[in-house]
Amino acid sequence: MNSQPPLVSVLIMTYNAAHYLPELCRSIQAQTYRNFEVVILDDGSTDDTRSVLVAFEKDPRFRVFVWKENRGVAAAFREVLSKGTGDYWVCTGADDLFFPDFLERRLALMQAHPNAVLVHGAPEFIDESGKAIPSPFPPLRLPAQLDGRRALEVILQHNVISIPGALVRYGVTRKIWPYYQNDLKYAEDWHLWVLHLAEGHELLWDERPANNYRVHGQSISCSPSNAALRRAATRLTPLCALKAAAQFGPMAAQCYAQWRKTLYRLWLLRAFRMRCQGLLQDQWLQAGGRAYYGEAHGPVNFFSELLKHGAGAALACLKERRALRRQSFRVSGLAELDDPIFR
């Protein structure tokens with residue numbers, strides 16, 4: 001048995017995915033790169049998850065942790081990240097799959113670029129039965145390498161990183177962890193990527209697919225109950241994450257100083273529309289206020305904020321629409337940055 005400490009931590013959160021877990025675990029065991037550990041957190045499953053994992057626990061690289069009650073994706077994500085011991089981590093869905101060379105390819109790219117914080121790539125999509133299906137998203141080709149501020153600005157425009165396909169440098173994750181205070185419980189990975197890119201690290205892209213992403217009716221991303229939260233989070237995440245990143249990254253601080261008003265005003269426009277539809281929650285309004293004014297400011301009043309920022313919000317909306325007309329890929333974040341990637 002290899003006595004070396006694992007270089008890569010494969011992190012899995014699972015809830016009632018016993019049907020898919022064995023296939024995922026076998027795809028991990030089949031990796032051409034062998035020096036890894038697997039950390040699995042059963043988040044209070046009520047199916048036979050525990051029994052299907054017994055066989056894999058015989059592999060000394062697998063560690064399984066169990067919560068008796070379901071605590072949700074956000075809490076589980078934080079927990080598995082705290083359990084990994086490697087120099088790199090990847091967090092895959094319990095129903096997804098790795099190609100045999102996933103770790104080998106991603107690791108080789110990271111080791112060739114010591115300033116890179118992560119490498120990612122587009123997956124191939126499969127349905128519930130494992131049959132290949134077309135991508136549900138418009139095509140997006142990224143440069144093999146994005147440097148410094150451009151990488152940060154790209155991620156502020158759109159979350160281009162698919163978390164199951166990303167291999168991430170753990171040292172950076174541990175450094176930014178104290179600043180990862182996201183209470184939105186949606187787009188948590190987007191928030192995380194902004195923090196990772198705050199200090200000017202490179203972002204790498206592997207153009208060849210190396211994993212399968214499963215799409216089915218039970219996917220969290222397909223849940224209609226999250227629709228209002230998604231609408232709020234796509235405006236709040238760039239603002240809140242950039243505010244947090246500005247606390248330790250000079251480049252992020254400059255970016256926050258330049259774009260904080262625009263991001264906040266675009267959020268207020270979204271909040272106005274959501275209030276008209278009866279969807280706005282005060283906790284979202286206050287999250288935006290804290291990200292713009294700071295923790296010491298106190299609660300914000302919706303109508304006062306509209307009066308104060310109404311004209312600026314209208315101008316921000318106009319600039320955004322002009323940028324969107326130039327773009328073939330519709331971004332969900334700060335369109336005014338208008339990187340050529342999205343045109």
# chains A, B, ... in the order shown; residues from 1 in each chain; ligands from 1
$ residues_around --residues "Leu239 (chain A)" --least-positions-apart "4" --cutoff "8 Å" --atoms "only C-alpha atoms" --output "list in words"
Arg235, Lys243, Arg260, Leu263, Tyr264, Gly288, Ala291 and Tyr292 of chain A
$ residues_around --residues "Lys175 (chain A)" --least-positions-apart "5" --cutoff "12 Å" --atoms "only C-alpha atoms" --output "ChimeraX atom specification"
/A:117,169-170,180,192,195-199,245,248-249
$ select_by_dssp --residues "region 2-162 of chain A" --states "strand (DSSP E or B)" --output "MDAnalysis selection string"
chainID A and resid 8:14 36:43 62:67 88:93 97:98 116:120 124:126 132:133 145:146
$ write_last_selection --atoms "C-alpha atoms" --output "mmCIF file, in the first residue's frame"
data_model
loop_
_atom_site.group_PDB
_atom_site.id
_atom_site.type_symbol
_atom_site.label_atom_id
_atom_site.label_comp_id
_atom_site.auth_asym_id
_atom_site.auth_seq_id
_atom_site.Cartn_x
_atom_site.Cartn_y
_atom_site.Cartn_z
ATOM 1 C CA VAL A 8 -5.701 14.919 -4.023
ATOM 2 C CA SER A 9 -8.855 14.849 -1.906
ATOM 3 C CA VAL A 10 -12.005 13.754 -3.746
ATOM 4 C CA LEU A 11 -14.944 15.178 -1.794
ATOM 5 C CA ILE A 12 -18.488 13.823 -2.080
ATOM 6 C CA MET A 13 -21.681 15.012 -0.396
ATOM 7 C CA THR A 14 -24.560 12.616 -0.777
ATOM 8 C CA PHE A 36 -5.804 10.277 -3.674
ATOM 9 C CA GLU A 37 -8.252 10.006 -0.796
ATOM 10 C CA VAL A 38 -12.045 9.965 -0.979
ATOM 11 C CA VAL A 39 -14.075 11.777 1.679
ATOM 12 C CA ILE A 40 -17.789 10.953 1.609
ATOM 13 C CA LEU A 41 -20.381 12.692 3.791
ATOM 14 C CA ASP A 42 -23.795 11.053 4.024
ATOM 15 C CA ASP A 43 -26.035 14.022 4.805
ATOM 16 C CA PHE A 62 -12.150 5.933 1.335
ATOM 17 C CA ARG A 63 -13.394 7.677 4.487
ATOM 18 C CA VAL A 64 -17.138 7.884 5.177
ATOM 19 C CA PHE A 65 -18.842 10.247 7.610
ATOM 20 C CA VAL A 66 -22.526 10.156 8.497
ATOM 21 C CA TRP A 67 -24.933 12.809 9.723
ATOM 22 C CA TYR A 88 -5.721 19.689 -4.123
ATOM 23 C CA TRP A 89 -9.443 18.999 -3.926
ATOM 24 C CA VAL A 90 -12.285 18.210 -6.255
ATOM 25 C CA CYS A 91 -15.923 18.072 -5.141
ATOM 26 C CA THR A 92 -18.198 15.984 -7.321
ATOM 27 C CA GLY A 93 -21.911 15.321 -7.233
ATOM 28 C CA LEU A 97 -18.830 10.320 -13.009
ATOM 29 C CA PHE A 98 -15.103 10.763 -13.688
ATOM 30 C CA ALA A 116 -2.880 28.689 -10.994
ATOM 31 C CA VAL A 117 -5.585 28.368 -8.366
ATOM 32 C CA LEU A 118 -7.680 25.813 -10.249
ATOM 33 C CA VAL A 119 -8.237 24.030 -13.526
ATOM 34 C CA HIS A 120 -11.711 23.335 -14.831
ATOM 35 C CA GLU A 124 -20.229 15.755 -20.992
ATOM 36 C CA PHE A 125 -23.867 15.486 -19.945
ATOM 37 C CA ILE A 126 -25.798 12.286 -19.252
ATOM 38 C CA ALA A 132 -25.293 10.951 -23.364
ATOM 39 C CA ILE A 133 -27.442 14.044 -23.942
ATOM 40 C CA GLN A 145 -5.144 30.357 -19.256
ATOM 41 C CA LEU A 146 -6.622 33.520 -17.761
#
$ residues_around --residues "Ala311 (chain A)" --least-positions-apart "2" --cutoff "12 Å" --atoms "only C-alpha atoms" --output "MDAnalysis selection string"
chainID A and resid 261:262 265:266 268:269 305:309 313:318
$ residues_around --residues "Phe137 (chain A)" --least-positions-apart "4" --cutoff "12 Å" --atoms "only C-alpha atoms" --output "list in words"
Ala122, Pro123, Glu124, Phe125, Ile133, Val160, Ser162, Val215, Phe329, Arg330 and Val331 of chain A
$ residues_around --residues "region 280-283 of chain A" --least-positions-apart "6" --cutoff "9 Å" --atoms "only C-alpha atoms" --output "list in words"
Leu184, Ala228, Ala232, Ala271, Phe272, Arg273, Met274 and Phe302 of chain A
$ atom_distance --atom1 "CA of Gln286 (chain A)" --atom2 "CA of Ile176 (chain A)"
23.2 Å
